[in-house]
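Report on the following structure.
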There are 2 protein chains.
Amino acid sequence: MAQQINAPRRVQLSKDRVLRAAVALADDAGIESLSMRKLAEELGVVPMALYKHVANKEELLDGMIDVVVGEIDPPVPGTDWKTAVRQRILSARRALLHHPWASRVIESKKNPTPVVLEYMDSMIGMFRAGGFSVNLTHHVMHTIGSRVLGFTQELFNDSRTVDPEMQAIMLRELAGKYPYVMEIAGAASHEGESVVGPGCDDQFEFEFALDLLLDGFESLRHEESSETTRNR
Amino acid sequence: MAQQINAPRRVQLSKDRVLRAAVALADDAGIESLSMRKLAEELGVVPMALYKHVANKEELLDGMIDVVVGEIDPPVPGTDWKTAVRQRILSARRALLHHPWASRVIESKKNPTPVVLEYMDSMIGMFRAGGFSVNLTHHVMHTIGSRVLGFTQELFNDSRTVDPEMQAIMLRELAGKYPYVMEIAGAASHEGESVVGPGCDDQFEFEFALDLLLDGFESLRHEESSETTRNR
DNA sequence: AGTGTAGGTGTACGGCGTACACTTGTCAAG
DNA sequence: CTTGACAAGTGTACGCCGTACACCTACACT
């Protein structure tokens with residue numbers, strides 16, 4: 001009784017609502033436990049209802065990627081290329097840190113979504129506007145984008161899940177087998193409470209790498225400018 | 001009749017055989033279609049038989065990683081750190097290129113396997129032996145290991161799967177939306193048969209990035225050496 | 001009042017990882 | 001030669017997954 005006319009009975013689903021719920025679920029339950037069924041339950045709806053808004057799980061994931069990429073700040077105009085690129089990449093990092101599943105999902109897809117493509121395009125544009133030739137921009141994008149060890153790993157990123165006593169024992173064990181790893185782990189946490197883990201300032205490391213690359217790009221650009229052949 | 005005594009009836013399973021079969025299956029059917037059931041079938045065995053050799057799928061994947069990492073050449077002694085690191089990383093890249101699923105699997109695990117740890121350790125050792133301080137080595141490992149855009153993407157890596165006519169139409173469409181992407185794609189394939197894709201020399205790009213980083217590391221090391229405080 | 005349609009439902013199917021109870025083949029000890 | 005322990009392989013079953021397909025239902029518009 002007193003039921004609203006023209007207002008949908010429940011809250012009404014929509015692609016947007018589905019995507020937001022999916023992102024939220026992935027954020028705090030982990031991407032591996034995001035299923036159509038759980039997502040539906042979260043939305044108070046039967047699993048198949050989702051399929052009226054997304055074609056399949058693939059498309060759901062695409063949409064989730066776009067939500068995350070949409071959180072990256074647009075480029076700020078009126079600065080030199082270097083600080084503009086720097087700010088943009090740090091903004092991208094912030095977005096991806098808030099959604100730890102996102103990088104893996106993006107990488108696992110074989111084609112970029114239009115939103116990702118647009119992000120790439122505008123990033124390329126920043127280098128071009130900064131005076132980089134097409135070719136140099138091409139190389140620079142590869143440098144920025146590719147991991148250079150075959151792989152990365154935050155070592156010991158689970159430090160909180162095991163008891164400290166056990167950890168100390170394992171530590172001595174490991175120190176024998178991987179002396180160099182321990183040496184770095186030790187140095188990184190010289191002041192930290194635990195022997196391992198929290199002593200490494202991820203943000204610092206990220207910016208260290210970023211600036212190293214940007215400085216490298218800058219000198220390449222200068223070399224290029226002082227040659228006869230520009231562009232192409 | 002004439003049955004061998006002391007020789008197992010079929011070929012006899014073993015952890016090693018299971019892992020090799022799994023790697024082979026992932027290599028040519030894709031990691032997403034590697035299931036315990038299919039793997040078992042490949043080995044002419046019932047699914048549950050696998051569980052006598054690996055505890056669960058997680059452990060199977062760990063073992064597969066170790067197989068791949070085991071294909072990376074050991075460091076060659078007697079050269080300067082720079083060429084040694086270079087060769088080692090290129091060897092790692094070769095291994096990972098042969099098993100395209102490997103990087104994603106490695107990244108998706110939250111703890112490195114011992115084999116991966118050992119690889120890291122020996123890589124760190126190469127920098128230390130080359131005169132890098134603990135701290136600088138730490139930063140340098142981060143630089144090498146972390147992708148610096150939130151993500152990477154070989155754009156257009158599916159060029160072969162759609163017909164060229166369609167592709168040309170889409171291309172004109174895309175050129176309007178992502179001019180910079182097209183500019184680079186065009187430049188990369190100035191001589192190539194297709195407008196897109198094969199013109200980009202991945203290997204060149206990889207080495208470009210690698211050398212940019214290594215040169216950067218080198219000058220950092222020189223700066224460091226000419227300071228008062230060494231090490232720690 | 002009648003009807004088309006968008007959005008939500010219910011049922012069902014095949015595939016997945018794996019727990020658990022079982023058979024079978026091998027070999028050492030009696 | 002028998003026995004029986006043990007490792008290796010089997011069979012069945014359960015609960016999860018993505019999703020095809022037929023259905024219902026409520027509103028928008030004629």
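A note on labels: chains of the structure tokens are A, B, ... as shown, every chain counts residues from 1, and ligands are counted from 1 in their shown order.
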
Determine, for each residue of chain C having at least one atom at most 12 Å from an atom of chain A, the closest pair of atoms and their separation in Å to one decimal, counting only C-alpha atoms (C1' of nucleotides); order by chain and ascending number, as JSON lines.
```
{"residue": "C:DA6", "atom": "C1'", "partner": "A:Lys52", "partner_atom": "CA", "distance": 8.9}
{"residue": "C:DG7", "atom": "C1'", "partner": "A:Lys52", "partner_atom": "CA", "distance": 7.1}
{"residue": "C:DG8", "atom": "C1'", "partner": "A:Ala49", "partner_atom": "CA", "distance": 5.6}
{"residue": "C:DT9", "atom": "C1'", "partner": "A:Val46", "partner_atom": "CA", "distance": 7.0}
{"residue": "C:DG10", "atom": "C1'", "partner": "A:Val46", "partner_atom": "CA", "distance": 9.3}
{"residue": "C:DT11", "atom": "C1'", "partner": "A:Met48", "partner_atom": "CA", "distance": 11.4}
```

For chain D against chain A, with a cut-off of 9 Å and counting only C-alpha atoms (C1' of nucleotides), what is the closest atom pair and its distance in Å to one decimal for every residue that makes the cut, ordered by chain and number, as JSON lines?
```
{"residue": "D:DC17", "atom": "C1'", "partner": "A:Ser35", "partner_atom": "CA", "distance": 7.6}
{"residue": "D:DG18", "atom": "C1'", "partner": "A:Met36", "partner_atom": "CA", "distance": 7.7}
{"residue": "D:DT19", "atom": "C1'", "partner": "A:Met48", "partner_atom": "CA", "distance": 8.0}
{"residue": "D:DC27", "atom": "C1'", "partner": "A:Asn6", "partner_atom": "CA", "distance": 8.3}
```

Using C-alpha atoms (C1' of nucleotides), can you export the residues from the last selection as an mmCIF file, in the first residue's frame?
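Resulting contents of out-v3.cif:
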```cif
data_model
loop_
_atom_site.group_PDB
_atom_site.id
_atom_site.type_symbol
_atom_site.label_atom_id
_atom_site.label_comp_id
_atom_site.auth_asym_id
_atom_site.auth_seq_id
_atom_site.Cartn_x
_atom_site.Cartn_y
_atom_site.Cartn_z
ATOM 1 C "C1'" DC D 17 31.015 -22.174 -11.672
ATOM 2 C "C1'" DG D 18 29.224 -19.739 -16.339
ATOM 3 C "C1'" DT D 19 25.313 -19.494 -18.990
ATOM 4 C "C1'" DC D 27 4.812 -1.087 -17.425
#
```

Inset, instruction - In Å, rounded to a single decimal, give me how far C1' of DA20 in chain D is from CA of Asp62 in chain A. - result: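 Atom-to-atom, CA of Asp62 in chain A and C1' of DA20 in chain D are spaced 21.9 Å apart.
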
Inset, instruction - Go ahead and compute the interatomic distance for CA of Glu32 in chain A and CA of Val67 in chain B, in Å to one decimal. - result: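 Computing the Euclidean distance for CA of Glu32 in chain A and CA of Val67 in chain B yields 24.6 Å.
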
Legend entry - Separation of C1' of DC29 in chain D from CA of Asp16 in chain A, in Å and rounded to one decimal: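 If I compute the distance from C1' of DC29 in chain D to CA of Asp16 in chain A, I get 27.2 Å.
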